[in-house]
Amino acid sequence: MGTSAGDRVNRAAVGPAEVVRFETFWRDEVAAAALYRDLAGLVDDDRRRLLLELAATEERHAAHWAALLEEQGRELVEPSRPWRHRVLLLVARRFGVDRVLPAVIRAEAADRDRYRASVHAAPGMADEETAHGRALALASTDDVGAGLALADARHRTSAGGSLRAAVFGANDGLVSNFALIMGIAGGTGDPAVILLAGIAGLVAGAGSMAAGEWVSVRSQRELYERELEVERWELATFPDDEHHELELIYRAKGLDGDAARTMADAIMADPDVALDTLAREELGLNPGDLGSPWTAAISSFLAFAVGALVPLLPFVFATGTAGLVTSAAVSALALATVGATISVFTGRPAWRSALRMVVIGGGAAAATYLIGSVVGVTLD
């Protein structure tokens with residue numbers, strides 16, 4: 001269980017800032033335990049046991065911080081479910097638990113780093129958070145290397161997958177078309193012109209995003225296919241070398257020499273299995289999932305279009321000042337929602353991410369409105 005809070009912390013050494021930090025840690029641990037218990041109801045028996053074990057550990061961590069807070073005379077009130085918890089649970093119920101595990105794993109990594117920097121954390125607490133991330137990562141993938149990289153939370157480009165890409169795609173559409181429409185509205189009061197500009201911005205932006213994603217994913221797929229061809233050639237030309245590589249891989253994973261050799265013999269007996277295994281273990285690729293350029297293009301088009309539609313719709317039903325004010329209000333609300341949703345992936349407080357998005361998107365729209373106003377007066 002580790003040293004008790006009272007044995008570890010000198011009352012005189014704890015200032016107001018530390019007390020606030022203790023409360024943040026306590027709330028985060030309570031929320032993490034509740035999230036694990038909620039997710040446990042959505043998975044199979046094996047992963048349910050894992051999630052319930054993690055929940056119990058998080059509750060023990062929460063008790064540690066609660067004890068420190070009680071020492072400081074702080075009265076604790078059971079916190080409500082945070083925004084992030086609700087979004088993750090909603091996504092897990094709709095799309096599956098695997099969709100939210102990357103965000104949960106990054107939260108564990110953040111707790112690990114915070115506890116390593118805190119002299120008030122119980123012994124082994126940071127290591128337990130690291131173990132949590134690894135257990136979750138390995139439970140979410142058959143690729144050990146990819147799982148450990150995800151648990152480390154330093155390789156984040158793919159974390160969150162298509163859901164994360166959809167959120168950022170919608171954000172691009174929202175901000176760019178909001179700014180474009182405000183710029184046009186600043187230069188002219190003609191509702192037909194504003195509506196035409198918004199539609200053009202939606203179609204052009206979504207088309208550009210789709211084309212960019214298609215080229216990007218297609219190029220990446222061709223690169224992966226080339227790597228697989230090289231690996232296939234090496235298997236046919238230098239089978240002994242590839243056999244040796246497999247032995248080394250499995251020895252590095254903890255198997256003894258004989259067991260690693262037996263495993264390599266079994267894999268090398270089937271060329272397709274050997275290629276699949278080496279692609280995963282050596283190249284970090286899943287041959288059955290190299291990415292679809294068409295799926296990426298269509299998803300990007302739709303995500304951008306949904307975001308771009310938000311500031312445009314008010315001008316379909318209203319004109320003049322009413323349309324302008326309604327578009328700005330609806331767009332600000334959408335920006336706040338996107339910002340809060342992005343906080344699920346970044347781990348930042350929802351209100352801060354929401355405010356940042358409103359400031360950035362609103363600032364861009366205000367700037368283009370002013371520019372449009374100046375240009376419109378000049379043209380007149």
# chains A, B, ... in the order shown; residues from 1 in each chain; ligands from 1
>>> residues_around(residues="segment 355-364 of chain A", least_positions_apart="6", cutoff="9 Å", atoms="only C-alpha atoms", output="PyMOL selection string")
chain A and resi 174-176+178-179+328+331-340
>>> residues_around(residues="Arg48 of chain A", least_positions_apart="6", cutoff="9 Å", atoms="only C-alpha atoms", output="list of chain:residue names")
A:Tyr36, A:Arg37, A:Leu39, A:Ala40, A:Gly41, A:Leu42
>>> write_last_selection(atoms="N, CA and C atoms", output="short mmCIF file (atom, residue, chain, number, x, y, z; two decimals), in the first residue's frame")
data_model
loop_
_atom_site.label_atom_id
_atom_site.label_comp_id
_atom_site.auth_asym_id
_atom_site.auth_seq_id
_atom_site.Cartn_x
_atom_site.Cartn_y
_atom_site.Cartn_z
N TYR A 36 -13.20 3.91 -15.51
CA TYR A 36 -12.85 2.50 -15.67
C TYR A 36 -14.03 1.59 -15.32
N ARG A 37 -14.74 1.92 -14.27
CA ARG A 37 -15.88 1.09 -13.88
C ARG A 37 -17.00 1.18 -14.91
N LEU A 39 -16.55 1.82 -18.17
CA LEU A 39 -16.08 1.13 -19.37
C LEU A 39 -16.10 -0.38 -19.17
N ALA A 40 -15.92 -0.82 -17.92
CA ALA A 40 -15.91 -2.26 -17.64
C ALA A 40 -17.24 -2.91 -18.00
N GLY A 41 -18.30 -2.14 -17.98
CA GLY A 41 -19.60 -2.68 -18.34
C GLY A 41 -19.82 -2.81 -19.83
N LEU A 42 -18.82 -2.41 -20.63
CA LEU A 42 -18.98 -2.41 -22.09
C LEU A 42 -18.05 -3.39 -22.79
#
>>> select_by_dssp(residues="segment 26-238 of chain A", states="helix (DSSP H, G or I)", output="ChimeraX atom specification")
/A:26-40,45-71,83-95,97-99,101-116,125-140,144-152,161-187,191-237
>>> closest_residue(among="A:Val344, A:Ala56, A:Leu51, A:Met268", to="Val87 of chain A", atoms="only C-alpha atoms")
A:Val344
>>> closest_atom_pairs(of="segment 149-236 of chain A", to="segment 241-265 of chain A", cutoff="10 Å", atoms="only C-alpha atoms", output="JSON lines")
{"residue": "A:Glu231", "atom": "CA", "partner": "A:Glu242", "partner_atom": "CA", "distance": 9.1}
{"residue": "A:Glu234", "atom": "CA", "partner": "A:Glu242", "partner_atom": "CA", "distance": 7.3}
{"residue": "A:Leu235", "atom": "CA", "partner": "A:Glu242", "partner_atom": "CA", "distance": 6.2}
{"residue": "A:Ala236", "atom": "CA", "partner": "A:Glu242", "partner_atom": "CA", "distance": 9.4}
>>> residues_around(residues="Ala297 of chain A", least_positions_apart="3", cutoff="8 Å", atoms="only C-alpha atoms", output="tab-separated table (two decimals) with C-alpha atoms, in the first residue's frame")
chain	number	residue	atom	x	y	z
A	209	MET	CA	-9.24	18.46	-47.90
A	210	ALA	CA	-10.46	15.31	-49.64
A	211	ALA	CA	-7.88	15.60	-52.42
A	212	GLY	CA	-5.08	16.23	-49.92
A	213	GLU	CA	-6.07	13.23	-47.81
A	214	TRP	CA	-6.37	10.99	-50.86
A	293	PRO	CA	-7.29	6.64	-49.63
A	294	TRP	CA	-10.95	6.72	-50.63
A	300	SER	CA	-12.30	14.38	-44.72
A	301	PHE	CA	-14.81	15.81	-47.20
>>> residues_around(residues="Gly323 of chain A", least_positions_apart="4", cutoff="10 Å", atoms="only C-alpha atoms", output="PyMOL selection string")
chain A and resi 185+191+311-319+327-329
>>> write_last_selection(atoms="N, CA and C atoms", output="short mmCIF file (atom, residue, chain, number, x, y, z; two decimals), in the first residue's frame")
data_model
loop_
_atom_site.label_atom_id
_atom_site.label_comp_id
_atom_site.auth_asym_id
_atom_site.auth_seq_id
_atom_site.Cartn_x
_atom_site.Cartn_y
_atom_site.Cartn_z
N ALA A 185 -19.34 39.17 -45.58
CA ALA A 185 -20.40 39.98 -44.95
C ALA A 185 -19.91 41.37 -44.60
N PRO A 191 -27.29 39.37 -49.40
CA PRO A 191 -27.39 38.00 -48.85
C PRO A 191 -27.07 36.93 -49.88
N PRO A 311 -21.60 27.94 -39.93
CA PRO A 311 -21.77 29.39 -40.08
C PRO A 311 -22.60 29.78 -41.30
N LEU A 312 -22.82 28.84 -42.21
CA LEU A 312 -23.55 29.14 -43.44
C LEU A 312 -25.06 29.04 -43.26
N LEU A 313 -25.52 28.08 -42.48
CA LEU A 313 -26.96 27.82 -42.36
C LEU A 313 -27.80 29.04 -41.94
N PRO A 314 -27.33 29.85 -40.96
CA PRO A 314 -28.15 31.00 -40.57
C PRO A 314 -28.51 31.92 -41.73
N PHE A 315 -27.64 32.02 -42.73
CA PHE A 315 -27.90 32.91 -43.86
C PHE A 315 -28.92 32.32 -44.83
N VAL A 316 -29.25 31.04 -44.65
CA VAL A 316 -30.31 30.44 -45.45
C VAL A 316 -31.67 30.93 -44.96
N PHE A 317 -31.75 31.21 -43.65
CA PHE A 317 -33.04 31.56 -43.04
C PHE A 317 -33.14 33.03 -42.63
N ALA A 318 -32.02 33.73 -42.59
CA ALA A 318 -32.04 35.13 -42.15
C ALA A 318 -31.08 35.95 -42.99
N THR A 319 -31.32 37.25 -43.06
CA THR A 319 -30.47 38.15 -43.83
C THR A 319 -30.06 39.34 -42.96
N SER A 327 -25.24 33.81 -37.17
CA SER A 327 -24.10 33.02 -37.64
C SER A 327 -22.94 33.10 -36.65
N ALA A 328 -22.67 34.30 -36.14
CA ALA A 328 -21.57 34.47 -35.18
C ALA A 328 -21.86 33.70 -33.89
N ALA A 329 -23.10 33.77 -33.41
CA ALA A 329 -23.45 33.10 -32.15
C ALA A 329 -23.38 31.58 -32.30
#
>>> closest_residue(among="A:Arg94, A:Val310, A:Leu88, A:Arg21", to="Thr326 of chain A", atoms="only C-alpha atoms")
A:Val310
>>> atom_distance(atom1="atom CA of Val215 of chain A", atom2="atom CA of Arg106 of chain A")
29.6 Å
>>> atom_distance(atom1="atom CA of Ile342 of chain A", atom2="atom CA of Pro79 of chain A")
21.9 Å
>>> closest_residue(among="A:Val19, A:Leu180, A:Leu283, A:Arg86", to="Ala200 of chain A", atoms="only C-alpha atoms")
A:Leu180
>>> closest_residue(among="A:Arg232, A:Leu278, A:Glu23, A:Ala192", to="Val77 of chain A", atoms="only C-alpha atoms")
A:Glu23
>>> closest_residue(among="A:Ala121, A:Ile371, A:Leu309, A:Leu136", to="Ala67 of chain A", atoms="only C-alpha atoms")
A:Ala121
>>> closest_residue(among="A:Ala204, A:Leu35, A:Val97, A:Leu228", to="Ser80 of chain A", atoms="only C-alpha atoms")
A:Leu35
>>> residues_around(residues="segment 222-225 of chain A", least_positions_apart="4", cutoff="9 Å", atoms="only C-alpha atoms", output="PyMOL selection string")
chain A and resi 217-218+229-230+285+287+290
>>> write_last_selection(atoms="C-alpha atoms", output="compact mmCIF listing (two decimals), in the first residue's frame")
# COMPACT_ATOMS: atom_id res chain seq x y z
CA VAL A 217 -2.91 8.23 -47.73
CA ARG A 218 -2.29 6.87 -51.22
CA GLU A 229 7.55 -6.18 -51.25
CA VAL A 230 11.09 -5.75 -49.96
CA LEU A 285 2.81 -2.48 -40.20
CA PRO A 287 -0.59 -5.78 -43.87
CA LEU A 290 -2.60 -0.07 -44.78
>>> atom_distance(atom1="atom CA of Arg81 of chain A", atom2="atom CA of Ala166 of chain A")
24.7 Å
